[in-house]
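Engineer: File name structure_4.txt; file contents compact mmCIF, C-alpha atoms and all ligand atoms; full text below.
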```
# COMPACT_ATOMS: atom_id res chain seq x y z
CA MET I 221 114.29 -26.23 -20.48
CA ALA I 222 116.13 -24.84 -23.52
CA ASN I 223 113.92 -27.00 -25.76
CA LEU I 224 110.79 -25.58 -24.17
CA LYS I 225 112.03 -22.03 -24.90
CA LEU I 226 112.57 -22.97 -28.55
CA VAL I 227 109.08 -24.40 -28.77
CA ASP I 228 107.70 -21.19 -27.25
CA ALA I 229 109.64 -19.04 -29.72
CA PHE I 230 108.40 -21.11 -32.65
CA THR I 231 104.83 -20.94 -31.38
CA ASP I 232 105.14 -17.14 -31.07
CA PHE I 233 106.46 -16.93 -34.63
CA VAL I 234 103.60 -19.04 -36.03
CA GLU I 235 101.03 -17.04 -34.08
CA GLU I 236 102.53 -13.71 -35.18
CA SER I 237 102.36 -14.57 -38.84
CA THR I 238 99.23 -16.67 -38.87
CA LEU I 239 96.93 -14.08 -37.32
CA PRO I 240 97.43 -11.43 -40.04
CA TYR I 241 97.22 -14.20 -42.67
CA ARG I 242 93.97 -15.51 -41.21
CA GLN I 243 92.66 -11.95 -40.98
CA MET I 244 93.46 -11.32 -44.66
CA MET I 245 91.79 -14.60 -45.67
CA THR I 246 88.71 -13.65 -43.64
CA TYR I 247 88.48 -10.38 -45.60
CA TYR I 248 88.70 -12.31 -48.88
CA ASN I 249 85.99 -14.67 -47.63
CA CYS I 250 83.73 -11.71 -46.74
CA ALA I 251 84.32 -10.21 -50.19
CA LEU I 252 83.33 -13.52 -51.78
CA MET I 253 80.07 -13.50 -49.83
CA GLU I 254 79.36 -9.92 -50.99
CA VAL I 255 80.00 -10.71 -54.66
CA GLU I 256 78.08 -13.98 -54.56
CA THR I 257 75.10 -12.14 -53.05
CA LYS I 258 75.29 -9.49 -55.76
CA PHE I 259 74.97 -12.17 -58.45
CA LYS I 260 72.19 -13.99 -56.58
CA VAL I 261 70.28 -10.68 -56.42
CA LEU I 262 70.78 -10.07 -60.16
CA ASN I 263 69.61 -13.61 -60.88
CA GLU I 264 66.49 -13.11 -58.74
CA GLN I 265 65.72 -9.84 -60.46
CA PHE I 266 66.06 -11.38 -63.92
CA SER I 267 63.85 -14.30 -62.97
CA LEU I 268 61.21 -11.94 -61.53
CA PHE I 269 60.90 -9.88 -64.69
CA TYR I 270 61.91 -12.36 -67.35
CA ASP I 271 61.06 -15.94 -67.93
CA ARG I 272 64.40 -17.54 -67.05
CA ASN I 273 67.50 -17.33 -64.89
CA PRO I 274 70.67 -16.20 -66.66
CA ILE I 275 72.93 -17.94 -64.09
CA GLU I 276 73.27 -21.72 -64.16
CA SER I 277 75.64 -21.87 -61.19
CA ILE I 278 77.93 -19.77 -59.00
CA HIS I 279 81.08 -21.20 -57.42
CA THR I 280 83.38 -19.42 -55.02
CA ARG I 281 86.85 -20.41 -53.92
CA ILE I 282 89.78 -19.08 -51.92
CA LYS I 283 93.15 -19.84 -53.50
CA SER I 284 94.97 -22.61 -51.64
CA GLN I 285 98.17 -21.87 -49.71
CA SER I 286 100.24 -23.96 -52.13
CA SER I 287 98.81 -22.10 -55.17
CA ILE I 288 99.56 -18.78 -53.46
CA LEU I 289 103.14 -19.86 -52.83
CA LYS I 290 103.59 -21.11 -56.41
CA LYS I 291 102.23 -17.87 -57.86
CA LEU I 292 104.49 -15.75 -55.62
CA GLN I 293 107.49 -17.86 -56.66
CA LYS I 294 106.52 -17.45 -60.34
CA LYS I 295 106.51 -13.68 -59.82
CA ASN I 296 109.79 -13.82 -57.83
CA LEU I 297 108.15 -12.44 -54.72
CA ALA I 298 108.68 -13.33 -51.07
CA LEU I 299 105.85 -14.71 -48.96
CA THR I 300 104.56 -11.57 -47.21
CA ILE I 301 101.06 -10.25 -46.62
CA PRO I 302 101.63 -7.00 -48.63
CA ASN I 303 103.09 -9.03 -51.54
CA ILE I 304 99.97 -11.20 -51.60
CA GLU I 305 97.56 -8.25 -51.32
CA ASN I 306 99.34 -6.07 -53.89
CA ASN I 307 100.29 -8.66 -56.49
CA LEU I 308 97.86 -11.59 -56.43
CA PHE I 309 94.41 -10.51 -57.51
CA ASP I 310 92.75 -13.92 -57.67
CA ILE I 311 92.97 -15.00 -54.02
CA ALA I 312 89.19 -14.67 -53.88
CA GLY I 313 87.55 -16.13 -56.98
CA VAL I 314 83.95 -16.29 -58.13
CA ARG I 315 82.91 -18.30 -61.18
CA VAL I 316 79.57 -17.48 -62.75
CA VAL I 317 78.33 -20.04 -65.26
CA CYS I 318 75.63 -18.98 -67.74
CA SER I 319 73.78 -20.74 -70.55
CA PHE I 320 74.36 -18.06 -73.15
CA THR I 321 77.25 -15.76 -74.07
CA GLU I 322 74.86 -12.78 -74.21
CA ASP I 323 74.00 -13.38 -70.53
CA ILE I 324 77.68 -13.12 -69.61
CA TYR I 325 77.94 -9.59 -70.99
CA SER I 326 74.53 -8.51 -69.58
CA LEU I 327 75.49 -9.73 -66.11
CA ALA I 328 79.00 -8.29 -66.27
CA ASN I 329 77.59 -4.88 -67.31
CA SER I 330 74.95 -4.88 -64.56
CA PHE I 331 77.55 -5.90 -62.00
CA LEU I 332 80.07 -3.27 -63.12
CA SER I 333 77.45 -0.52 -63.14
CA GLN I 334 76.91 -0.93 -59.38
CA ASP I 335 78.41 2.07 -57.60
CA ASP I 336 80.36 0.01 -55.05
CA VAL I 337 82.13 -2.11 -57.67
CA ARG I 338 85.47 -0.78 -58.96
CA LEU I 339 86.87 -2.38 -62.11
CA ILE I 340 90.62 -2.99 -61.83
CA GLU I 341 91.19 -5.14 -64.90
CA LYS I 342 89.20 -6.89 -67.63
CA LYS I 343 90.47 -9.83 -69.71
CA ASP I 344 88.09 -10.90 -72.44
CA TYR I 345 89.17 -14.39 -73.47
CA ILE I 346 85.82 -14.81 -75.26
CA GLN I 347 86.62 -12.12 -77.84
CA ASN I 348 90.32 -13.08 -77.72
CA PRO I 349 90.65 -16.78 -76.76
CA LYS I 350 93.97 -18.06 -75.41
CA GLU I 351 96.17 -20.03 -77.83
CA ASN I 352 95.13 -23.32 -76.23
CA GLY I 353 91.44 -22.47 -76.85
CA TYR I 354 90.55 -21.22 -73.33
CA ARG I 355 87.52 -18.88 -73.35
CA SER I 356 86.07 -16.92 -70.42
CA LEU I 357 85.50 -13.31 -69.37
CA HIS I 358 87.67 -12.32 -66.39
CA LEU I 359 87.09 -9.25 -64.26
CA ILE I 360 89.29 -8.15 -61.40
CA VAL I 361 87.20 -5.90 -59.21
CA GLU I 362 87.47 -4.24 -55.86
CA ILE I 363 84.47 -4.17 -53.56
CA PRO I 364 84.02 -2.79 -50.04
CA ILE I 365 83.43 -4.98 -47.01
CA PHE I 366 82.05 -3.30 -43.92
CA LEU I 367 83.82 -4.27 -40.70
CA SER I 368 82.89 -3.15 -37.19
CA ASP I 369 85.13 -0.09 -37.36
CA GLU I 370 86.21 0.33 -40.97
CA LYS I 371 85.38 -0.13 -44.62
CA LYS I 372 87.92 -2.22 -46.49
CA TRP I 373 88.27 -2.55 -50.27
CA VAL I 374 89.05 -6.12 -51.29
CA LYS I 375 89.98 -7.53 -54.70
CA VAL I 376 88.02 -10.39 -56.22
CA GLU I 377 88.42 -12.17 -59.56
CA VAL I 378 85.16 -12.97 -61.33
CA GLN I 379 85.22 -15.49 -64.17
CA PHE I 380 82.19 -15.70 -66.44
CA ARG I 381 81.76 -18.78 -68.60
CA THR I 382 79.03 -20.53 -70.56
CA ILE I 383 78.34 -24.16 -69.68
CA ALA I 384 80.36 -25.21 -72.75
CA MET I 385 83.33 -22.95 -71.81
CA ASP I 386 83.26 -24.30 -68.25
CA PHE I 387 83.07 -27.93 -69.41
CA TRP I 388 86.12 -27.39 -71.62
CA ALA I 389 88.13 -25.50 -68.97
CA SER I 390 87.44 -28.11 -66.26
CA LEU I 391 88.67 -30.93 -68.47
CA GLU I 392 91.72 -28.98 -69.64
CA HIS I 393 92.56 -28.08 -66.02
CA LYS I 394 92.42 -31.75 -64.97
CA ILE I 395 94.58 -32.89 -67.88
CA ARG I 396 97.16 -30.13 -67.25
CA TYR I 397 98.06 -31.79 -63.95
CA LYS I 398 98.39 -35.33 -65.36
CA LYS I 399 102.13 -35.74 -65.01
CA ASN I 400 102.33 -39.39 -66.11
CA LEU I 401 101.57 -38.74 -69.80
CA SER I 402 104.30 -38.66 -72.45
CA LYS I 403 105.16 -35.41 -74.27
CA GLU I 404 103.77 -36.88 -77.54
CA ARG I 405 100.49 -37.84 -75.90
CA LEU I 406 100.19 -34.41 -74.24
CA ASP I 407 100.76 -32.69 -77.63
CA GLU I 408 98.04 -34.87 -79.17
CA ILE I 409 95.67 -34.01 -76.32
CA ASP I 410 96.42 -30.28 -76.77
CA LYS I 411 95.39 -30.56 -80.43
CA GLU I 412 92.22 -32.45 -79.51
CA LEU I 413 91.41 -29.87 -76.84
CA LEU I 414 91.86 -27.05 -79.35
CA GLU I 415 89.46 -28.86 -81.67
CA CYS I 416 86.98 -29.26 -78.79
CA ALA I 417 87.30 -25.54 -77.96
CA LYS I 418 86.25 -24.71 -81.54
CA ILE I 419 83.28 -27.09 -81.24
CA CYS I 420 82.29 -25.43 -77.94
CA LYS I 421 82.46 -21.99 -79.59
CA THR I 422 80.25 -23.20 -82.47
CA LEU I 423 77.83 -24.76 -79.96
CA ASP I 424 77.60 -21.45 -78.02
CA GLU I 425 76.96 -19.54 -81.25
CA LYS I 426 74.27 -21.99 -82.41
CA MET I 427 72.49 -21.91 -79.05
CA GLU I 428 72.62 -18.10 -79.09
CA GLU I 429 71.10 -18.11 -82.61
CA ILE I 430 68.24 -20.38 -81.50
CA LYS I 431 67.55 -18.19 -78.47
CA THR I 432 67.59 -15.03 -80.59
CA ALA I 433 65.19 -16.61 -83.12
CA PHE I 434 62.79 -17.55 -80.30
CA LYS I 435 63.09 -14.07 -78.80
CA LYS I 436 62.22 -12.44 -82.14
CA ARG I 437 59.10 -14.61 -82.44
CA GLY I 438 57.97 -13.32 -79.03
CA PHE I 439 58.51 -16.50 -77.03
CA LEU I 440 59.37 -15.95 -73.41
CA CYS I 441 62.83 -17.45 -73.35
CA GLY I 442 64.70 -14.18 -74.00
CA TYR I 443 64.91 -10.91 -72.19
CA LYS I 444 61.35 -10.08 -73.20
CA PRO I 445 59.57 -8.82 -70.08
CA LEU I 446 56.67 -11.02 -68.98
CA LEU I 447 54.69 -7.87 -68.20
CA PRO I 448 54.86 -4.37 -69.69
CA ALA I 449 57.61 -2.36 -67.94
CA ARG I 450 55.17 -0.08 -66.07
CA VAL I 451 53.15 -3.02 -64.70
CA SER I 452 56.38 -4.87 -63.80
CA ARG I 453 57.63 -1.85 -61.86
CA ARG I 454 54.34 -1.62 -59.94
CA CYS I 455 54.49 -5.35 -59.13
CA PHE I 456 58.06 -4.93 -57.95
CA HIS I 457 57.16 -2.03 -55.65
CA PHE I 458 54.16 -3.99 -54.38
CA VAL I 459 56.33 -7.03 -53.54
CA GLN I 460 58.92 -4.72 -51.97
CA ALA I 461 56.22 -3.06 -49.79
CA ILE I 462 54.95 -6.45 -48.58
CA ALA I 463 58.48 -7.61 -47.83
CA PHE I 464 59.23 -4.49 -45.75
CA ASP I 465 55.85 -4.58 -43.96
CA SER I 466 56.39 -8.14 -42.84
CA ARG I 467 59.77 -7.35 -41.19
P1 LIG O 501 93.29 -21.69 -60.19
O1 LIG O 501 93.47 -23.11 -59.76
O2 LIG O 501 91.96 -21.46 -60.87
O3 LIG O 501 93.54 -20.69 -59.11
P2 LIG O 501 97.90 -13.12 -63.50
O4 LIG O 501 96.87 -13.65 -62.51
O5 LIG O 501 97.45 -11.86 -64.18
O6 LIG O 501 99.24 -13.03 -62.89
P3 LIG O 501 97.24 -15.37 -65.05
O7 LIG O 501 97.22 -16.39 -63.96
O8 LIG O 501 97.72 -15.86 -66.39
O9 LIG O 501 98.10 -14.15 -64.66
O10 LIG O 501 95.79 -14.72 -65.21
P4 LIG O 501 94.58 -15.20 -66.07
O11 LIG O 501 94.97 -15.48 -67.46
O12 LIG O 501 93.51 -14.17 -65.84
O13 LIG O 501 94.16 -16.60 -65.40
C1 LIG O 501 93.66 -16.67 -64.10
C2 LIG O 501 92.80 -17.90 -63.93
O14 LIG O 501 92.01 -18.14 -65.09
C3 LIG O 501 93.53 -19.20 -63.70
O15 LIG O 501 93.89 -19.30 -62.37
C4 LIG O 501 92.48 -20.23 -64.13
O16 LIG O 501 91.48 -20.37 -63.14
C5 LIG O 501 91.87 -19.54 -65.33
N1 LIG O 501 92.60 -19.88 -66.56
C6 LIG O 501 93.40 -19.04 -67.28
N2 LIG O 501 93.89 -19.68 -68.34
C7 LIG O 501 93.40 -20.93 -68.33
C8 LIG O 501 93.56 -22.06 -69.18
O17 LIG O 501 94.26 -22.04 -70.18
N3 LIG O 501 92.89 -23.20 -68.82
C9 LIG O 501 92.10 -23.28 -67.72
N4 LIG O 501 91.48 -24.43 -67.45
N5 LIG O 501 91.95 -22.22 -66.88
C10 LIG O 501 92.58 -21.07 -67.18
P5 LIG O 501 95.10 -20.25 -61.89
O18 LIG O 501 95.84 -19.51 -60.84
O19 LIG O 501 95.91 -20.70 -63.06
O20 LIG O 501 94.41 -21.52 -61.32
```
Write out the structure in this file as structure tokens.
Ligand code: 0O2
Structural biologist:
Amino acid sequence: MANLKLVDAFTDFVEESTLPYRQMMTYYNCALMEVETKFKVLNEQFSLFYDRNPIESIHTRIKSQSSILKKLQKKNLALTIPNIENNLFDIAGVRVVCSFTEDIYSLANSFLSQDDVRLIEKKDYIQNPKENGYRSLHLIVEIPIFLSDEKKWVKVEVQFRTIAMDFWASLEHKIRYKKNLSKERLDEIDKELLECAKICKTLDEKMEEIKTAFKKRGFLCGYKPLLPARVSRRCFHFVQAIAFDSR
């Protein structure tokens, strides 16, 4: 009988703390959907007016429970919902991978100019790479999600990378967790990775140069509109009218 009471108490405890946790995670998930849609819309718009898509891929992820715990421990914080919400800004993460560095800044500017996106923090590891060679543009933003009875502002981290930056970061991330390598071997790998990061930077710059040269010659691979702006706008309104009529 006493054992049953203990089980009940434990179940109550788990339920009490898991519901708010699940609720918070649901909000982060909703925010991810909002941000992902925003980038899909921008990609569609670019591909409608220009001859290519700036986004190669979009990935979203919710930080795992163990990563949340580790990060709280690193910051000397107890595991509480307010501590997570007020101190960890990358629970919801979106990674936008582009072909060209210029696209990263164009997309980031378009995204930040939307009136329901609040910029909290910007870390430009492209202009200022990390010591190990890591490059990426990070934005912490707050966006609203609309619930049945309230509007809630939720923080999301957006990482923008070129394909080369992403390739490098994925490999470095995998190696970082290889615990069975000796210190000497790890130091060697760090040096090799730094060398690779420089090669990736040169590759990004060369690709950008080629794209710019093509753009100047009037080829359609840049941000040159396929149609004059006025005609494009009319086409857009026409497509919009059809879309609304067919609803
Ligand atoms: P995961 O697995 O992606 O969640 P702060 O968040 O401000 O307390 P932090 O974590 O240094 O401090 O912030 P920063 O520098 O903006 O990094 C956040 C995320 O960027 C990391 O999340 C990685 O995803 C990525 N990142 C940053 N530096 C590196 C790096 O050197 N190599 C690689 N591969 N990725 C990096 P997490 O929580 O570390 O990991």
Engineer: Write out as JSON lines a residue-level contact list of chain I versus ligand LIG 501 (chain O) with cut-off 10 Å: for each qualifying residue the closest pair of atoms and the distance in Å to one decimal, counting all atoms listed in the file, rows sorted by chain and residue number upward.
Structural biologist:
```
{"residue": "I:Arg281", "atom": "CA", "partner": "O:LIG501", "partner_atom": "O3", "distance": 8.5}
{"residue": "I:Ile282", "atom": "CA", "partner": "O:LIG501", "partner_atom": "O3", "distance": 8.3}
{"residue": "I:Lys283", "atom": "CA", "partner": "O:LIG501", "partner_atom": "O3", "distance": 5.7}
{"residue": "I:Ser284", "atom": "CA", "partner": "O:LIG501", "partner_atom": "O3", "distance": 7.8}
{"residue": "I:Ser287", "atom": "CA", "partner": "O:LIG501", "partner_atom": "O3", "distance": 6.7}
{"residue": "I:Ile288", "atom": "CA", "partner": "O:LIG501", "partner_atom": "O18", "distance": 8.3}
{"residue": "I:Lys290", "atom": "CA", "partner": "O:LIG501", "partner_atom": "O18", "distance": 9.1}
{"residue": "I:Lys291", "atom": "CA", "partner": "O:LIG501", "partner_atom": "O18", "distance": 7.2}
{"residue": "I:Leu292", "atom": "CA", "partner": "O:LIG501", "partner_atom": "O6", "distance": 9.4}
{"residue": "I:Lys294", "atom": "CA", "partner": "O:LIG501", "partner_atom": "O6", "distance": 8.9}
{"residue": "I:Lys295", "atom": "CA", "partner": "O:LIG501", "partner_atom": "O6", "distance": 7.9}
{"residue": "I:Asn307", "atom": "CA", "partner": "O:LIG501", "partner_atom": "O6", "distance": 7.8}
{"residue": "I:Leu308", "atom": "CA", "partner": "O:LIG501", "partner_atom": "O4", "distance": 6.5}
{"residue": "I:Phe309", "atom": "CA", "partner": "O:LIG501", "partner_atom": "O4", "distance": 6.4}
{"residue": "I:Asp310", "atom": "CA", "partner": "O:LIG501", "partner_atom": "O4", "distance": 6.4}
{"residue": "I:Ile311", "atom": "CA", "partner": "O:LIG501", "partner_atom": "O3", "distance": 7.7}
{"residue": "I:Ala312", "atom": "CA", "partner": "O:LIG501", "partner_atom": "O3", "distance": 9.1}
{"residue": "I:Gly313", "atom": "CA", "partner": "O:LIG501", "partner_atom": "O3", "distance": 7.8}
{"residue": "I:Val314", "atom": "CA", "partner": "O:LIG501", "partner_atom": "O2", "distance": 9.9}
{"residue": "I:Arg315", "atom": "CA", "partner": "O:LIG501", "partner_atom": "O16", "distance": 9.0}
{"residue": "I:Glu341", "atom": "CA", "partner": "O:LIG501", "partner_atom": "O5", "distance": 9.2}
{"residue": "I:Lys342", "atom": "CA", "partner": "O:LIG501", "partner_atom": "O12", "distance": 8.6}
{"residue": "I:Lys343", "atom": "CA", "partner": "O:LIG501", "partner_atom": "O12", "distance": 6.6}
{"residue": "I:Asp344", "atom": "CA", "partner": "O:LIG501", "partner_atom": "O12", "distance": 9.1}
{"residue": "I:Tyr345", "atom": "CA", "partner": "O:LIG501", "partner_atom": "O11", "distance": 8.4}
{"residue": "I:Pro349", "atom": "CA", "partner": "O:LIG501", "partner_atom": "O17", "distance": 9.2}
{"residue": "I:Lys350", "atom": "CA", "partner": "O:LIG501", "partner_atom": "O17", "distance": 6.6}
{"residue": "I:Glu351", "atom": "CA", "partner": "O:LIG501", "partner_atom": "O17", "distance": 8.1}
{"residue": "I:Asn352", "atom": "CA", "partner": "O:LIG501", "partner_atom": "O17", "distance": 6.2}
{"residue": "I:Gly353", "atom": "CA", "partner": "O:LIG501", "partner_atom": "O17", "distance": 7.3}
{"residue": "I:Tyr354", "atom": "CA", "partner": "O:LIG501", "partner_atom": "O17", "distance": 4.9}
{"residue": "I:Arg355", "atom": "CA", "partner": "O:LIG501", "partner_atom": "C7", "distance": 8.0}
{"residue": "I:Ser356", "atom": "CA", "partner": "O:LIG501", "partner_atom": "O14", "distance": 8.1}
{"residue": "I:Leu357", "atom": "CA", "partner": "O:LIG501", "partner_atom": "O12", "distance": 8.8}
{"residue": "I:His358", "atom": "CA", "partner": "O:LIG501", "partner_atom": "O12", "distance": 6.2}
{"residue": "I:Leu359", "atom": "CA", "partner": "O:LIG501", "partner_atom": "O12", "distance": 8.2}
{"residue": "I:Ile360", "atom": "CA", "partner": "O:LIG501", "partner_atom": "O12", "distance": 8.6}
{"residue": "I:Glu377", "atom": "CA", "partner": "O:LIG501", "partner_atom": "C1", "distance": 8.3}
{"residue": "I:Val378", "atom": "CA", "partner": "O:LIG501", "partner_atom": "O14", "distance": 9.4}
{"residue": "I:Gln379", "atom": "CA", "partner": "O:LIG501", "partner_atom": "O14", "distance": 7.3}
{"residue": "I:Met385", "atom": "CA", "partner": "O:LIG501", "partner_atom": "N4", "distance": 9.4}
{"residue": "I:Asp386", "atom": "CA", "partner": "O:LIG501", "partner_atom": "N4", "distance": 8.3}
{"residue": "I:Phe387", "atom": "CA", "partner": "O:LIG501", "partner_atom": "N4", "distance": 9.3}
{"residue": "I:Trp388", "atom": "CA", "partner": "O:LIG501", "partner_atom": "N4", "distance": 7.4}
{"residue": "I:Ala389", "atom": "CA", "partner": "O:LIG501", "partner_atom": "N4", "distance": 3.8}
{"residue": "I:Ser390", "atom": "CA", "partner": "O:LIG501", "partner_atom": "N4", "distance": 5.6}
{"residue": "I:Leu391", "atom": "CA", "partner": "O:LIG501", "partner_atom": "N4", "distance": 7.2}
{"residue": "I:Glu392", "atom": "CA", "partner": "O:LIG501", "partner_atom": "N4", "distance": 5.1}
{"residue": "I:His393", "atom": "CA", "partner": "O:LIG501", "partner_atom": "N4", "distance": 4.1}
{"residue": "I:Lys394", "atom": "CA", "partner": "O:LIG501", "partner_atom": "N4", "distance": 7.8}
{"residue": "I:Ile395", "atom": "CA", "partner": "O:LIG501", "partner_atom": "N4", "distance": 9.0}
{"residue": "I:Arg396", "atom": "CA", "partner": "O:LIG501", "partner_atom": "N4", "distance": 8.0}
```
Engineer: Which is closest to I:Thr300 among I:Lys435, I:Ile430, I:Met244, I:Leu406, if we use all atoms listed in the file?
Structural biologist: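 For I:Thr300, the nearest of the candidates is I:Met244.
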Engineer: With a cut-off of 12 Å, could you pull out the residues of stretch 362-395 of chain I touching stretch 266-275 of chain I and give me the nearest pair of atoms for each, distance in Å to one decimal, using only C-alpha atoms, ordered by chain and ascending number, as a tab-separated table?
Structural biologist:
```
residue	atom	partner	partner_atom	distance
I:Phe380	CA	I:Ile275	CA	9.8
I:Arg381	CA	I:Ile275	CA	10.0
I:Thr382	CA	I:Ile275	CA	9.3
I:Ile383	CA	I:Ile275	CA	10.0
```
Engineer: To one decimal place, how far is atom CA of I:Thr432 from atom CA of I:Cys416 in Å?
Structural biologist: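 According to the coordinates, atom CA of I:Thr432 and atom CA of I:Cys416 are separated by 24.1 Å.
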Engineer: Would you mind telling me which residue in I:Leu252, I:Leu339, I:Ile304, I:Leu401 lies nearest to I:Ile278 when using all atoms listed in the file?
Structural biologist: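 Smallest separation from I:Ile278 among the options: I:Leu252.
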Engineer: Would you work out the distance separating atom CA of I:Asn263 from atom CA of I:Trp373, expressed in Å to one decimal?
Structural biologist: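 Between these atoms lies a distance of 24.1 Å.
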Engineer: Given only C-alpha atoms as the basis, pick out the residue of I:Thr321, I:Asp410, I:Lys260, I:Asn400 nearest to I:Glu429.
Structural biologist: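 Using only C-alpha atoms, I:Glu429 sits closest to I:Thr321.
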Engineer: So how many Å separate atom CA of I:Tyr397 and atom CA of I:Ala298, to one decimal?
Structural biologist: 24.9 Å
Engineer: Selecting N, CA and C atoms, how would stretch 302-325 of chain I from this structure be written as a PDB file, in the first residue's frame?
Structural biologist:
```pdb
ATOM      1  N   PRO I 302      11.837  28.579 -16.295  1.00  0.00           N
ATOM      2  CA  PRO I 302      12.287  29.964 -16.522  1.00  0.00           C
ATOM      3  C   PRO I 302      13.774  30.049 -16.873  1.00  0.00           C
ATOM      4  N   ASN I 303      14.616  29.193 -16.227  1.00  0.00           N
ATOM      5  CA  ASN I 303      16.049  29.224 -16.553  1.00  0.00           C
ATOM      6  C   ASN I 303      16.285  28.862 -18.015  1.00  0.00           C
ATOM      7  N   ILE I 304      15.529  27.899 -18.512  1.00  0.00           N
ATOM      8  CA  ILE I 304      15.690  27.501 -19.920  1.00  0.00           C
ATOM      9  C   ILE I 304      15.246  28.661 -20.813  1.00  0.00           C
ATOM     10  N   GLU I 305      14.042  29.184 -20.539  1.00  0.00           N
ATOM     11  CA  GLU I 305      13.482  30.228 -21.415  1.00  0.00           C
ATOM     12  C   GLU I 305      14.311  31.514 -21.403  1.00  0.00           C
ATOM     13  N   ASN I 306      14.870  31.854 -20.232  1.00  0.00           N
ATOM     14  CA  ASN I 306      15.567  33.145 -20.121  1.00  0.00           C
ATOM     15  C   ASN I 306      17.057  33.093 -20.416  1.00  0.00           C
ATOM     16  N   ASN I 307      17.616  31.873 -20.475  1.00  0.00           N
ATOM     17  CA  ASN I 307      19.074  31.803 -20.642  1.00  0.00           C
ATOM     18  C   ASN I 307      19.550  30.988 -21.835  1.00  0.00           C
ATOM     19  N   LEU I 308      18.724  30.078 -22.340  1.00  0.00           N
ATOM     20  CA  LEU I 308      19.147  29.285 -23.501  1.00  0.00           C
ATOM     21  C   LEU I 308      18.356  29.760 -24.718  1.00  0.00           C
ATOM     22  N   PHE I 309      19.070  30.348 -25.666  1.00  0.00           N
ATOM     23  CA  PHE I 309      18.369  30.953 -26.797  1.00  0.00           C
ATOM     24  C   PHE I 309      18.430  30.096 -28.057  1.00  0.00           C
ATOM     25  N   ASP I 310      19.003  28.885 -27.907  1.00  0.00           N
ATOM     26  CA  ASP I 310      19.092  28.043 -29.107  1.00  0.00           C
ATOM     27  C   ASP I 310      18.348  26.718 -28.920  1.00  0.00           C
ATOM     28  N   ILE I 311      17.259  26.761 -28.137  1.00  0.00           N
ATOM     29  CA  ILE I 311      16.451  25.539 -27.975  1.00  0.00           C
ATOM     30  C   ILE I 311      15.821  25.200 -29.335  1.00  0.00           C
ATOM     31  N   ALA I 312      15.303  26.238 -29.994  1.00  0.00           N
ATOM     32  CA  ALA I 312      14.774  26.040 -31.347  1.00  0.00           C
ATOM     33  C   ALA I 312      15.821  26.557 -32.325  1.00  0.00           C
ATOM     34  N   GLY I 313      16.260  25.707 -33.224  1.00  0.00           N
ATOM     35  CA  GLY I 313      17.316  26.111 -34.166  1.00  0.00           C
ATOM     36  C   GLY I 313      16.928  25.854 -35.603  1.00  0.00           C
ATOM     37  N   VAL I 314      17.227  26.847 -36.441  1.00  0.00           N
ATOM     38  CA  VAL I 314      16.987  26.697 -37.885  1.00  0.00           C
ATOM     39  C   VAL I 314      18.323  26.914 -38.579  1.00  0.00           C
ATOM     40  N   ARG I 315      18.666  26.021 -39.486  1.00  0.00           N
ATOM     41  CA  ARG I 315      19.905  26.199 -40.256  1.00  0.00           C
ATOM     42  C   ARG I 315      19.549  26.375 -41.724  1.00  0.00           C
ATOM     43  N   VAL I 316      19.980  27.516 -42.259  1.00  0.00           N
ATOM     44  CA  VAL I 316      19.684  27.830 -43.664  1.00  0.00           C
ATOM     45  C   VAL I 316      20.995  27.728 -44.433  1.00  0.00           C
ATOM     46  N   VAL I 317      21.032  26.811 -45.406  1.00  0.00           N
ATOM     47  CA  VAL I 317      22.270  26.624 -46.172  1.00  0.00           C
ATOM     48  C   VAL I 317      22.097  27.211 -47.569  1.00  0.00           C
ATOM     49  N   CYS I 318      23.030  28.103 -47.923  1.00  0.00           N
ATOM     50  CA  CYS I 318      22.968  28.801 -49.222  1.00  0.00           C
ATOM     51  C   CYS I 318      24.187  28.420 -50.071  1.00  0.00           C
ATOM     52  N   SER I 319      24.121  28.737 -51.375  1.00  0.00           N
ATOM     53  CA  SER I 319      25.293  28.488 -52.216  1.00  0.00           C
ATOM     54  C   SER I 319      26.333  29.583 -52.025  1.00  0.00           C
ATOM     55  N   PHE I 320      25.849  30.819 -51.921  1.00  0.00           N
ATOM     56  CA  PHE I 320      26.772  31.957 -51.934  1.00  0.00           C
ATOM     57  C   PHE I 320      26.665  32.793 -50.654  1.00  0.00           C
ATOM     58  N   THR I 321      27.798  33.383 -50.268  1.00  0.00           N
ATOM     59  CA  THR I 321      27.829  34.224 -49.064  1.00  0.00           C
ATOM     60  C   THR I 321      26.885  35.420 -49.218  1.00  0.00           C
ATOM     61  N   GLU I 322      26.845  35.982 -50.442  1.00  0.00           N
ATOM     62  CA  GLU I 322      25.969  37.153 -50.666  1.00  0.00           C
ATOM     63  C   GLU I 322      24.507  36.810 -50.341  1.00  0.00           C
ATOM     64  N   ASP I 323      24.103  35.578 -50.682  1.00  0.00           N
ATOM     65  CA  ASP I 323      22.719  35.154 -50.406  1.00  0.00           C
ATOM     66  C   ASP I 323      22.416  35.160 -48.911  1.00  0.00           C
ATOM     67  N   ILE I 324      23.428  34.795 -48.117  1.00  0.00           N
ATOM     68  CA  ILE I 324      23.245  34.751 -46.662  1.00  0.00           C
ATOM     69  C   ILE I 324      22.819  36.124 -46.161  1.00  0.00           C
ATOM     70  N   TYR I 325      23.561  37.160 -46.592  1.00  0.00           N
ATOM     71  CA  TYR I 325      23.262  38.509 -46.103  1.00  0.00           C
ATOM     72  C   TYR I 325      21.945  39.037 -46.678  1.00  0.00           C
TER      73      TYR I 325
END
```
